[in-house]
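Data from structure_16.pdb: PDB, C-alpha atoms, pLDDT in the B column
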```
ATOM      1  CA  MET A   1     -34.552 -49.649-170.524  1.00 48.00           C
ATOM      2  CA  LYS A   2     -31.995 -51.707-168.652  1.00 73.00           C
ATOM      3  CA  ASP A   3     -32.995 -54.037-165.848  1.00 84.00           C
ATOM      4  CA  TYR A   4     -31.604 -51.958-162.985  1.00 85.00           C
ATOM      5  CA  ILE A   5     -33.497 -53.941-160.362  1.00 83.00           C
ATOM      6  CA  SER A   6     -31.739 -57.188-161.351  1.00 84.00           C
ATOM      7  CA  GLN A   7     -28.373 -55.417-161.394  1.00 84.00           C
ATOM      8  CA  PHE A   8     -29.001 -53.998-157.929  1.00 83.00           C
ATOM      9  CA  ILE A   9     -30.144 -57.389-156.617  1.00 81.00           C
ATOM     10  CA  SER A  10     -26.878 -58.851-157.937  1.00 83.00           C
ATOM     11  CA  GLU A  11     -24.933 -56.165-156.036  1.00 81.00           C
ATOM     12  CA  LEU A  12     -26.881 -56.928-152.831  1.00 79.00           C
ATOM     13  CA  GLY A  13     -26.057 -60.622-153.355  1.00 79.00           C
ATOM     14  CA  LYS A  14     -22.350 -59.779-153.263  1.00 78.00           C
ATOM     15  CA  GLU A  15     -22.978 -58.384-149.769  1.00 73.00           C
ATOM     16  CA  GLY A  16     -24.669 -61.633-148.683  1.00 73.00           C
ATOM     17  CA  PHE A  17     -28.263 -60.431-149.064  1.00 74.00           C
ATOM     18  CA  THR A  18     -30.654 -61.747-151.679  1.00 71.00           C
ATOM     19  CA  PRO A  19     -34.334 -60.823-151.793  1.00 71.00           C
ATOM     20  CA  LYS A  20     -36.692 -63.822-151.912  1.00 69.00           C
ATOM     21  CA  HIS A  21     -38.598 -62.292-154.823  1.00 67.00           C
ATOM     22  CA  ARG A  22     -37.645 -59.693-157.410  1.00 70.00           C
ATOM     23  CA  LYS A  23     -40.896 -57.849-156.627  1.00 72.00           C
ATOM     24  CA  ASP A  24     -39.551 -57.215-153.090  1.00 69.00           C
ATOM     25  CA  VAL A  25     -37.216 -54.540-154.494  1.00 74.00           C
ATOM     26  CA  VAL A  26     -39.394 -51.479-155.016  1.00 70.00           C
ATOM     27  CA  PRO A  27     -37.625 -48.364-156.370  1.00 72.00           C
ATOM     28  CA  SER A  28     -37.872 -45.116-154.389  1.00 65.00           C
ATOM     29  CA  THR A  29     -38.715 -46.833-151.096  1.00 63.00           C
ATOM     30  CA  GLU A  30     -36.556 -47.852-148.177  1.00 63.00           C
ATOM     31  CA  SER A  31     -36.788 -51.573-147.552  1.00 67.00           C
ATOM     32  CA  ARG A  32     -35.297 -54.141-145.209  1.00 67.00           C
ATOM     33  CA  LEU A  33     -33.805 -57.517-146.083  1.00 66.00           C
ATOM     34  CA  ILE A  34     -33.126 -60.228-143.550  1.00 62.00           C
ATOM     35  CA  ALA A  35     -30.323 -62.647-144.412  1.00 60.00           C
ATOM     36  CA  ASN A  36     -31.285 -65.382-141.963  1.00 51.00           C
ATOM     37  CA  GLU A  37     -34.415 -66.642-140.254  1.00 51.00           C
ATOM     38  CA  LYS A  38     -33.554 -65.259-136.812  1.00 52.00           C
ATOM     39  CA  GLY A  39     -33.086 -61.743-138.161  1.00 51.00           C
ATOM     40  CA  LYS A  40     -29.541 -61.642-136.797  1.00 55.00           C
ATOM     41  CA  LYS A  41     -28.291 -60.044-140.004  1.00 64.00           C
ATOM     42  CA  SER A  42     -30.335 -57.433-141.790  1.00 73.00           C
ATOM     43  CA  LEU A  43     -29.828 -54.673-144.309  1.00 75.00           C
ATOM     44  CA  TYR A  44     -31.745 -51.533-145.252  1.00 78.00           C
ATOM     45  CA  TYR A  45     -31.580 -50.461-148.871  1.00 80.00           C
ATOM     46  CA  SER A  46     -33.056 -47.996-151.295  1.00 79.00           C
ATOM     47  CA  LEU A  47     -32.954 -47.895-155.094  1.00 81.00           C
ATOM     48  CA  ILE A  48     -33.611 -44.803-157.172  1.00 80.00           C
ATOM     49  CA  ILE A  49     -34.136 -45.037-160.937  1.00 80.00           C
ATOM     50  CA  GLU A  50     -33.859 -41.803-162.898  1.00 78.00           C
ATOM     51  CA  GLY A  51     -34.300 -42.285-166.633  1.00 76.00           C
ATOM     52  CA  ASP A  52     -31.197 -43.955-168.020  1.00 77.00           C
ATOM     53  CA  ARG A  53     -29.393 -44.375-164.688  1.00 78.00           C
ATOM     54  CA  ALA A  54     -30.003 -45.840-161.259  1.00 82.00           C
ATOM     55  CA  TYR A  55     -28.497 -45.384-157.799  1.00 79.00           C
ATOM     56  CA  GLY A  56     -28.668 -47.790-154.912  1.00 80.00           C
ATOM     57  CA  ARG A  57     -27.694 -47.387-151.282  1.00 79.00           C
ATOM     58  CA  PHE A  58     -27.572 -49.996-148.542  1.00 81.00           C
ATOM     59  CA  TYR A  59     -26.754 -50.180-144.849  1.00 79.00           C
ATOM     60  CA  ASP A  60     -25.721 -53.419-143.075  1.00 77.00           C
ATOM     61  CA  CYS A  61     -27.362 -53.276-139.634  1.00 73.00           C
ATOM     62  CA  SER A  62     -25.004 -55.836-138.074  1.00 71.00           C
ATOM     63  CA  THR A  63     -21.745 -54.142-139.095  1.00 75.00           C
ATOM     64  CA  GLY A  64     -22.776 -50.537-139.715  1.00 75.00           C
ATOM     65  CA  ASP A  65     -21.179 -50.715-143.176  1.00 76.00           C
ATOM     66  CA  THR A  66     -22.748 -48.729-145.980  1.00 77.00           C
ATOM     67  CA  GLY A  67     -22.520 -49.264-149.704  1.00 77.00           C
ATOM     68  CA  PHE A  68     -23.397 -47.308-152.806  1.00 78.00           C
ATOM     69  CA  TRP A  69     -24.120 -48.689-156.262  1.00 81.00           C
ATOM     70  CA  HIS A  70     -24.479 -46.845-159.563  1.00 80.00           C
ATOM     71  CA  SER A  71     -25.764 -48.459-162.755  1.00 81.00           C
ATOM     72  CA  ARG A  72     -22.940 -47.014-164.838  1.00 73.00           C
ATOM     73  CA  GLY A  73     -20.193 -47.982-162.428  1.00 67.00           C
ATOM     74  CA  ASN A  74     -17.163 -45.720-162.716  1.00 50.00           C
ATOM     75  CA  LYS A  75     -16.554 -45.984-166.451  1.00 54.00           C
ATOM     76  CA  ASP A  76     -17.982 -43.489-168.903  1.00 55.00           C
ATOM     77  CA  THR A  77     -19.114 -41.248-166.068  1.00 59.00           C
ATOM     78  CA  SER A  78     -18.617 -37.545-166.738  1.00 67.00           C
ATOM     79  CA  ALA A  79     -17.630 -35.035-164.069  1.00 71.00           C
ATOM     80  CA  ASP A  80     -21.199 -33.691-164.077  1.00 77.00           C
ATOM     81  CA  ASP A  81     -22.564 -37.208-163.638  1.00 69.00           C
ATOM     82  CA  ARG A  82     -20.160 -37.868-160.753  1.00 67.00           C
ATOM     83  CA  LYS A  83     -21.349 -34.662-159.072  1.00 76.00           C
ATOM     84  CA  ALA A  84     -24.980 -35.678-159.597  1.00 74.00           C
ATOM     85  CA  ILE A  85     -24.228 -39.139-158.211  1.00 68.00           C
ATOM     86  CA  GLU A  86     -22.533 -37.672-155.145  1.00 72.00           C
ATOM     87  CA  LYS A  87     -25.418 -35.248-154.628  1.00 78.00           C
ATOM     88  CA  ALA A  88     -27.943 -38.103-154.902  1.00 73.00           C
ATOM     89  CA  ARG A  89     -25.841 -40.206-152.537  1.00 69.00           C
ATOM     90  CA  GLU A  90     -25.682 -37.414-149.942  1.00 77.00           C
ATOM     91  CA  ALA A  91     -29.441 -36.860-150.261  1.00 79.00           C
ATOM     92  CA  ALA A  92     -30.034 -40.608-149.825  1.00 74.00           C
ATOM     93  CA  ILE A  93     -27.821 -40.677-146.714  1.00 76.00           C
ATOM     94  CA  LYS A  94     -29.660 -37.705-145.220  1.00 82.00           C
ATOM     95  CA  ALA A  95     -33.084 -39.190-146.044  1.00 82.00           C
ATOM     96  CA  GLU A  96     -32.032 -42.573-144.652  1.00 79.00           C
ATOM     97  CA  LYS A  97     -30.832 -41.023-141.382  1.00 84.00           C
ATOM     98  CA  LYS A  98     -34.023 -38.977-141.052  1.00 89.00           C
ATOM     99  CA  ALA A  99     -36.191 -42.064-141.663  1.00 87.00           C
ATOM    100  CA  LYS A 100     -34.183 -44.080-139.135  1.00 88.00           C
ATOM    101  CA  ASP A 101     -34.427 -41.313-136.508  1.00 91.00           C
ATOM    102  CA  GLU A 102     -38.188 -41.105-137.095  1.00 93.00           C
ATOM    103  CA  ARG A 103     -38.548 -44.881-136.652  1.00 91.00           C
ATOM    104  CA  HIS A 104     -36.524 -44.755-133.429  1.00 93.00           C
ATOM    105  CA  SER A 105     -38.619 -41.868-132.084  1.00 94.00           C
ATOM    106  CA  ARG A 106     -41.886 -43.626-132.967  1.00 94.00           C
ATOM    107  CA  VAL A 107     -40.763 -46.791-131.154  1.00 93.00           C
ATOM    108  CA  ARG A 108     -39.670 -44.730-128.138  1.00 94.00           C
ATOM    109  CA  ASP A 109     -43.012 -42.903-127.981  1.00 95.00           C
ATOM    110  CA  GLU A 110     -44.946 -46.188-128.182  1.00 93.00           C
ATOM    111  CA  LEU A 111     -42.763 -48.013-125.624  1.00 91.00           C
ATOM    112  CA  LEU A 112     -42.657 -45.576-122.712  1.00 90.00           C
ATOM    113  CA  PRO A 113     -46.300 -45.923-121.606  1.00 93.00           C
ATOM    114  CA  LYS A 114     -46.221 -49.670-122.241  1.00 93.00           C
ATOM    115  CA  ILE A 115     -43.093 -50.216-120.121  1.00 92.00           C
ATOM    116  CA  LYS A 116     -44.363 -47.957-117.332  1.00 90.00           C
ATOM    117  CA  GLY A 117     -47.502 -50.103-117.192  1.00 93.00           C
ATOM    118  CA  LEU A 118     -45.617 -53.383-116.785  1.00 95.00           C
ATOM    119  CA  PRO A 119     -45.027 -54.770-113.288  1.00 94.00           C
ATOM    120  CA  LEU A 120     -41.517 -54.919-111.883  1.00 91.00           C
ATOM    121  CA  ALA A 121     -39.940 -58.355-112.143  1.00 92.00           C
ATOM    122  CA  GLU A 122     -39.335 -60.038-108.829  1.00 89.00           C
ATOM    123  CA  ASP A 123     -38.092 -63.283-110.287  1.00 89.00           C
ATOM    124  CA  HIS A 124     -37.823 -64.984-113.661  1.00 93.00           C
ATOM    125  CA  PRO A 125     -36.325 -68.347-114.718  1.00 93.00           C
ATOM    126  CA  TYR A 126     -33.608 -66.565-116.702  1.00 93.00           C
ATOM    127  CA  LEU A 127     -32.571 -64.466-113.687  1.00 92.00           C
ATOM    128  CA  GLU A 128     -32.556 -67.540-111.446  1.00 92.00           C
ATOM    129  CA  ARG A 129     -30.324 -69.450-113.888  1.00 92.00           C
ATOM    130  CA  LYS A 130     -27.927 -66.505-114.169  1.00 91.00           C
ATOM    131  CA  LYS A 131     -28.112 -65.818-110.402  1.00 91.00           C
ATOM    132  CA  VAL A 132     -28.649 -62.086-110.887  1.00 89.00           C
ATOM    133  CA  LYS A 133     -31.106 -59.580-109.423  1.00 88.00           C
ATOM    134  CA  ALA A 134     -34.019 -58.261-111.418  1.00 87.00           C
ATOM    135  CA  TRP A 135     -33.086 -54.644-110.636  1.00 87.00           C
ATOM    136  CA  ARG A 136     -35.702 -52.583-112.522  1.00 85.00           C
ATOM    137  CA  ALA A 137     -36.515 -55.178-115.194  1.00 91.00           C
ATOM    138  CA  ARG A 138     -40.196 -55.605-116.034  1.00 93.00           C
ATOM    139  CA  LEU A 139     -42.430 -58.577-116.777  1.00 95.00           C
ATOM    140  CA  ASP A 140     -44.729 -58.933-119.771  1.00 94.00           C
ATOM    141  CA  GLY A 141     -46.273 -62.367-119.269  1.00 93.00           C
ATOM    142  CA  ASP A 142     -43.371 -64.831-119.383  1.00 93.00           C
ATOM    143  CA  LEU A 143     -41.046 -62.251-120.961  1.00 95.00           C
ATOM    144  CA  LEU A 144     -38.442 -60.354-118.988  1.00 95.00           C
ATOM    145  CA  VAL A 145     -38.340 -56.800-120.386  1.00 95.00           C
ATOM    146  CA  LEU A 146     -35.167 -54.722-120.097  1.00 94.00           C
ATOM    147  CA  PRO A 147     -35.678 -51.022-120.941  1.00 93.00           C
ATOM    148  CA  LEU A 148     -32.765 -49.632-123.000  1.00 93.00           C
ATOM    149  CA  VAL A 149     -31.775 -46.020-122.419  1.00 92.00           C
ATOM    150  CA  ASP A 150     -29.055 -43.642-123.603  1.00 92.00           C
ATOM    151  CA  VAL A 151     -26.548 -41.852-121.347  1.00 91.00           C
ATOM    152  CA  ALA A 152     -29.105 -39.076-120.720  1.00 91.00           C
ATOM    153  CA  GLY A 153     -31.563 -41.649-119.355  1.00 88.00           C
ATOM    154  CA  GLN A 154     -33.918 -41.357-122.367  1.00 90.00           C
ATOM    155  CA  LEU A 155     -35.766 -44.603-123.109  1.00 91.00           C
ATOM    156  CA  TRP A 156     -35.249 -45.730-126.725  1.00 94.00           C
ATOM    157  CA  SER A 157     -35.978 -49.428-126.910  1.00 94.00           C
ATOM    158  CA  CYS A 158     -36.119 -52.657-124.950  1.00 94.00           C
ATOM    159  CA  GLN A 159     -34.807 -56.183-124.990  1.00 95.00           C
ATOM    160  CA  THR A 160     -36.983 -59.153-124.094  1.00 94.00           C
ATOM    161  CA  ILE A 161     -35.739 -62.453-122.708  1.00 95.00           C
ATOM    162  CA  ASP A 162     -37.985 -65.509-122.654  1.00 94.00           C
ATOM    163  CA  VAL A 163     -37.881 -68.314-120.063  1.00 93.00           C
ATOM    164  CA  ASP A 164     -35.423 -70.277-122.270  1.00 92.00           C
ATOM    165  CA  GLY A 165     -33.049 -67.303-122.442  1.00 92.00           C
ATOM    166  CA  GLU A 166     -33.761 -66.300-126.053  1.00 93.00           C
ATOM    167  CA  LYS A 167     -33.186 -62.567-126.414  1.00 94.00           C
ATOM    168  CA  LYS A 168     -34.838 -60.177-128.853  1.00 93.00           C
ATOM    169  CA  TYR A 169     -34.565 -56.452-129.361  1.00 92.00           C
ATOM    170  CA  GLN A 170     -37.598 -54.303-130.076  1.00 91.00           C
ATOM    171  CA  PHE A 171     -38.152 -54.181-133.841  1.00 89.00           C
ATOM    172  CA  GLU A 172     -36.890 -50.864-135.241  1.00 88.00           C
ATOM    173  CA  GLY A 173     -35.828 -49.716-131.773  1.00 91.00           C
ATOM    174  CA  LYS A 174     -32.538 -47.886-131.307  1.00 92.00           C
ATOM    175  CA  LYS A 175     -29.697 -50.086-130.047  1.00 90.00           C
ATOM    176  CA  ASN A 176     -26.499 -48.138-130.686  1.00 89.00           C
ATOM    177  CA  GLY A 177     -25.506 -46.183-127.593  1.00 91.00           C
ATOM    178  CA  CYS A 178     -28.230 -47.779-125.472  1.00 93.00           C
ATOM    179  CA  PHE A 179     -27.978 -50.016-122.414  1.00 93.00           C
ATOM    180  CA  PHE A 180     -29.948 -51.384-119.461  1.00 92.00           C
ATOM    181  CA  PRO A 181     -28.853 -49.385-116.429  1.00 87.00           C
ATOM    182  CA  ILE A 182     -29.041 -50.953-113.016  1.00 81.00           C
ATOM    183  CA  GLY A 183     -31.834 -49.313-111.008  1.00 59.00           C
ATOM    184  CA  TRP A 184     -33.299 -47.155-113.804  1.00 56.00           C
ATOM    185  CA  LYS A 185     -36.775 -45.756-113.077  1.00 59.00           C
ATOM    186  CA  PRO A 186     -38.942 -45.004-116.108  1.00 53.00           C
TER
END
```
When written as C-alpha coordinates, how does the structure in this file appear?
Amino acid sequence: MKDYISQFISELGKEGFTPKHRKDVVPSTESRLIANEKGKKSLYYSLIIEGDRAYGRFYDCSTGDTGFWHSRGNKDTSADDRKAIEKAREAAIKAEKKAKDERHSRVRDELLPKIKGLPLAEDHPYLERKKVKAWRARLDGDLLVLPLVDVAGQLWSCQTIDVDGEKKYQFEGKKNGCFFPIGWKP
(Lines of atoms letter the chains of each structure in order from A and count residues from 1; the text may use other names and numbers.)
(Lines give C-alpha, C1' and ligand atoms only; values in the text may rest on other atoms or scores of the structure.)
Protein backbone atom coordinates (compact mmCIF):
# COMPACT_ATOMS: atom_id res chain seq x y z
CA MET A 1 0.00 0.00 0.00
CA LYS A 2 1.27 3.45 -0.87
CA ASP A 3 1.89 6.06 1.79
CA TYR A 4 -1.08 8.29 0.97
CA ILE A 5 -0.80 10.21 4.23
CA SER A 6 2.74 11.40 3.38
CA GLN A 7 1.64 12.33 -0.14
CA PHE A 8 -1.29 14.32 1.23
CA ILE A 9 0.93 16.04 3.81
CA SER A 10 3.25 17.05 0.95
CA GLU A 11 0.26 18.55 -0.91
CA LEU A 12 -0.80 20.48 2.22
CA GLY A 13 2.79 21.76 2.50
CA LYS A 14 2.48 23.29 -0.96
CA GLU A 15 -0.44 25.31 0.43
CA GLY A 16 1.69 26.54 3.35
CA PHE A 17 0.35 24.10 5.95
CA THR A 18 2.41 21.33 7.49
CA PRO A 19 1.17 19.16 10.36
CA LYS A 20 3.55 19.01 13.34
CA HIS A 21 3.31 15.22 13.42
CA ARG A 22 2.35 12.66 10.79
CA LYS A 23 -0.05 11.10 13.32
CA ASP A 24 -2.07 14.36 13.25
CA VAL A 25 -3.46 13.39 9.83
CA VAL A 26 -6.19 10.85 10.55
CA PRO A 27 -8.07 9.49 7.50
CA SER A 28 -11.87 9.82 7.40
CA THR A 29 -11.99 12.68 9.91
CA GLU A 30 -12.17 16.42 9.43
CA SER A 31 -9.22 18.13 11.07
CA ARG A 32 -7.86 21.64 11.47
CA LEU A 33 -4.30 22.84 10.94
CA ILE A 34 -3.01 26.17 12.16
CA ALA A 35 -0.12 27.66 10.18
CA ASN A 36 1.02 30.15 12.81
CA GLU A 37 0.93 30.49 16.58
CA LYS A 38 -1.76 33.18 16.66
CA GLY A 39 -4.16 31.06 14.61
CA LYS A 40 -4.42 33.81 12.00
CA LYS A 41 -4.18 31.25 9.20
CA SER A 42 -5.91 27.92 9.48
CA LEU A 43 -7.10 25.15 7.21
CA TYR A 44 -9.67 22.36 7.52
CA TYR A 45 -8.91 19.15 5.69
CA SER A 46 -10.15 15.62 5.28
CA LEU A 47 -8.46 12.57 3.75
CA ILE A 48 -10.30 9.49 2.55
CA ILE A 49 -8.42 6.29 1.69
CA GLU A 50 -10.32 3.69 -0.32
CA GLY A 51 -8.23 0.64 -1.16
CA ASP A 52 -5.72 1.59 -3.84
CA ARG A 53 -6.66 5.28 -4.04
CA ALA A 54 -7.04 8.27 -1.76
CA TYR A 55 -8.84 11.61 -1.94
CA GLY A 56 -8.09 14.71 0.05
CA ARG A 57 -9.99 17.95 0.42
CA PHE A 58 -8.96 21.15 2.17
CA TYR A 59 -10.40 24.58 2.88
CA ASP A 60 -8.24 27.64 3.69
CA CYS A 61 -10.17 29.59 6.34
CA SER A 62 -8.34 32.87 5.70
CA THR A 63 -8.93 32.99 1.93
CA GLY A 64 -11.94 30.73 1.43
CA ASP A 65 -9.98 28.76 -1.18
CA THR A 66 -10.63 25.05 -1.49
CA GLY A 67 -8.41 22.35 -2.90
CA PHE A 68 -8.80 18.74 -3.91
CA TRP A 69 -6.09 16.10 -4.12
CA HIS A 70 -6.22 12.61 -5.62
CA SER A 71 -3.50 10.01 -5.16
CA ARG A 72 -3.44 9.15 -8.86
CA GLY A 73 -3.35 12.74 -10.05
CA ASN A 74 -4.81 13.14 -13.52
CA LYS A 75 -2.77 10.52 -15.35
CA ASP A 76 -4.01 6.98 -15.82
CA THR A 77 -7.43 7.93 -14.51
CA SER A 78 -10.31 6.31 -16.39
CA ALA A 79 -13.62 8.04 -17.07
CA ASP A 80 -15.25 5.87 -14.40
CA ASP A 81 -12.55 6.82 -11.92
CA ARG A 82 -12.99 10.52 -12.73
CA LYS A 83 -16.73 10.17 -12.11
CA ALA A 84 -16.07 8.39 -8.81
CA ILE A 85 -13.58 11.09 -7.83
CA GLU A 86 -16.06 13.84 -8.65
CA LYS A 87 -18.80 12.03 -6.73
CA ALA A 88 -16.50 11.63 -3.71
CA ARG A 89 -15.47 15.27 -3.98
CA GLU A 90 -19.10 16.45 -4.06
CA ALA A 91 -19.93 14.21 -1.09
CA ALA A 92 -16.92 15.61 0.80
CA ILE A 93 -18.01 19.20 0.05
CA LYS A 94 -21.54 18.47 1.24
CA ALA A 95 -20.30 16.71 4.40
CA GLU A 96 -17.84 19.53 5.09
CA LYS A 97 -20.56 22.19 4.76
CA LYS A 98 -22.92 20.21 6.99
CA ALA A 99 -20.21 19.79 9.66
CA LYS A 100 -19.35 23.49 9.49
CA ASP A 101 -23.02 24.51 9.78
CA GLU A 102 -23.42 22.18 12.77
CA ARG A 103 -20.36 23.71 14.47
CA HIS A 104 -21.70 27.22 13.86
CA SER A 105 -25.12 26.29 15.25
CA ARG A 106 -23.59 24.65 18.34
CA VAL A 107 -21.51 27.77 19.06
CA ARG A 108 -24.57 29.98 18.55
CA ASP A 109 -26.68 27.88 20.93
CA GLU A 110 -23.95 27.96 23.60
CA LEU A 111 -23.25 31.71 23.24
CA LEU A 112 -26.72 33.24 23.44
CA PRO A 113 -27.40 32.53 27.13
CA LYS A 114 -23.81 33.38 28.04
CA ILE A 115 -23.91 36.77 26.28
CA LYS A 116 -27.34 37.61 27.68
CA GLY A 117 -25.93 37.00 31.16
CA LEU A 118 -23.00 39.38 30.73
CA PRO A 119 -23.32 42.97 31.96
CA LEU A 120 -23.39 45.82 29.47
CA ALA A 121 -20.05 47.58 29.11
CA GLU A 122 -20.03 51.13 30.36
CA ASP A 123 -16.35 51.70 29.79
CA HIS A 124 -13.26 49.71 28.85
CA PRO A 125 -9.63 50.76 28.24
CA TYR A 126 -9.92 49.82 24.57
CA LEU A 127 -13.02 52.00 24.10
CA GLU A 128 -11.36 54.90 25.91
CA ARG A 129 -8.27 54.67 23.68
CA LYS A 130 -10.41 54.53 20.54
CA LYS A 131 -12.78 57.24 21.87
CA VAL A 132 -15.90 55.27 20.95
CA LYS A 133 -19.09 54.39 22.82
CA ALA A 134 -19.70 50.94 24.20
CA TRP A 135 -23.12 50.72 22.50
CA ARG A 136 -24.39 47.23 23.42
CA ALA A 137 -20.98 45.62 23.97
CA ARG A 138 -20.70 43.35 27.01
CA LEU A 139 -18.03 42.74 29.64
CA ASP A 140 -16.64 39.36 30.65
CA GLY A 141 -14.05 40.26 33.29
CA ASP A 142 -11.46 42.41 31.52
CA LEU A 143 -12.70 41.33 28.07
CA LEU A 144 -14.94 43.48 25.92
CA VAL A 145 -17.40 41.14 24.17
CA LEU A 146 -18.94 42.14 20.84
CA PRO A 147 -21.86 39.91 19.78
CA LEU A 148 -21.75 39.14 16.03
CA VAL A 149 -25.06 38.79 14.21
CA ASP A 150 -26.25 38.28 10.63
CA VAL A 151 -28.54 40.66 8.71
CA ALA A 152 -31.60 38.96 10.27
CA GLY A 153 -30.29 39.81 13.75
CA GLN A 154 -29.46 36.16 14.59
CA LEU A 155 -26.50 35.84 16.97
CA TRP A 156 -23.78 33.57 15.55
CA SER A 157 -20.54 34.39 17.31
CA CYS A 158 -18.63 37.05 19.20
CA GLN A 159 -15.35 38.89 19.19
CA THR A 160 -13.44 39.63 22.37
CA ILE A 161 -11.03 42.51 22.87
CA ASP A 162 -8.66 42.57 25.83
CA VAL A 163 -7.39 45.70 27.61
CA ASP A 164 -4.33 45.79 25.29
CA GLY A 165 -6.55 45.72 22.20
CA GLU A 166 -5.85 42.12 21.15
CA LYS A 167 -8.88 40.77 19.31
CA LYS A 168 -10.07 37.18 19.08
CA TYR A 169 -13.06 35.58 17.45
CA GLN A 170 -15.01 32.80 19.13
CA PHE A 171 -13.45 29.46 18.18
CA GLU A 172 -15.55 27.75 15.49
CA GLY A 173 -18.02 30.64 15.47
CA LYS A 174 -19.42 31.93 12.19
CA LYS A 175 -17.70 35.07 10.89
CA ASN A 176 -18.70 35.38 7.24
CA GLY A 177 -21.72 37.65 6.89
CA CYS A 178 -21.65 38.64 10.56
CA PHE A 179 -21.07 42.01 12.20
CA PHE A 180 -21.49 43.95 15.45
CA PRO A 181 -24.50 46.20 14.97
CA ILE A 182 -24.73 49.42 16.91
CA GLY A 183 -27.46 49.13 19.55
CA TRP A 184 -28.25 45.41 19.09
CA LYS A 185 -30.26 43.86 21.94
CA PRO A 186 -29.80 40.12 22.46
- When the PyMOL selection byres ((chain A and resi 120) around 10) is applied to the file above, which residues end up in the set, as a VMD selection string? chain A and resid 115 to 119 121 to 123 134 to 140 144 to 145
Write a file of the just-selected residues containing C-alpha atoms, as a tab-separated table (two decimals), in the coordinates of the input.
```
chain	number	residue	atom	x	y	z
A	115	ILE	CA	-43.09	-50.22	-120.12
A	116	LYS	CA	-44.36	-47.96	-117.33
A	117	GLY	CA	-47.50	-50.10	-117.19
A	118	LEU	CA	-45.62	-53.38	-116.78
A	119	PRO	CA	-45.03	-54.77	-113.29
A	121	ALA	CA	-39.94	-58.36	-112.14
A	122	GLU	CA	-39.34	-60.04	-108.83
A	123	ASP	CA	-38.09	-63.28	-110.29
A	134	ALA	CA	-34.02	-58.26	-111.42
A	135	TRP	CA	-33.09	-54.64	-110.64
A	136	ARG	CA	-35.70	-52.58	-112.52
A	137	ALA	CA	-36.52	-55.18	-115.19
A	138	ARG	CA	-40.20	-55.60	-116.03
A	139	LEU	CA	-42.43	-58.58	-116.78
A	140	ASP	CA	-44.73	-58.93	-119.77
A	144	LEU	CA	-38.44	-60.35	-118.99
A	145	VAL	CA	-38.34	-56.80	-120.39
```
- Query: What does the distance from CA of Phe8 in chain A to CA of Trp69 in chain A come to in Å, to one decimal?
  - Reply: 7.4 Å
- Task: List every protein, DNA or RNA residue that has at least one atom no more than 12 Å from (-29.9, -59.5, -157.7) in the file's coordinates, counting all atoms listed in the file, and write the result as number ranges by chain.
- Result: A: 3-25
- Spatial neighbours of range 168-185 of chain A, 7 Å, all atoms listed in the file, chain gap at least 2 places, as a list in words: Arg103, His104, Val107, Trp135, Arg136, Leu146, Pro147, Leu148, Val149, Asp150, Trp156, Ser157, Cys158, Gln159, Thr160, Ile161 and Glu166 of chain A
- Item | Computed interatomic separation between CA of Arg72 in chain A and CA of Ala54 in chain A (Å) |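 Computed distance, CA of Arg72 in chain A to CA of Ala54 in chain A, equals 8.0 Å.
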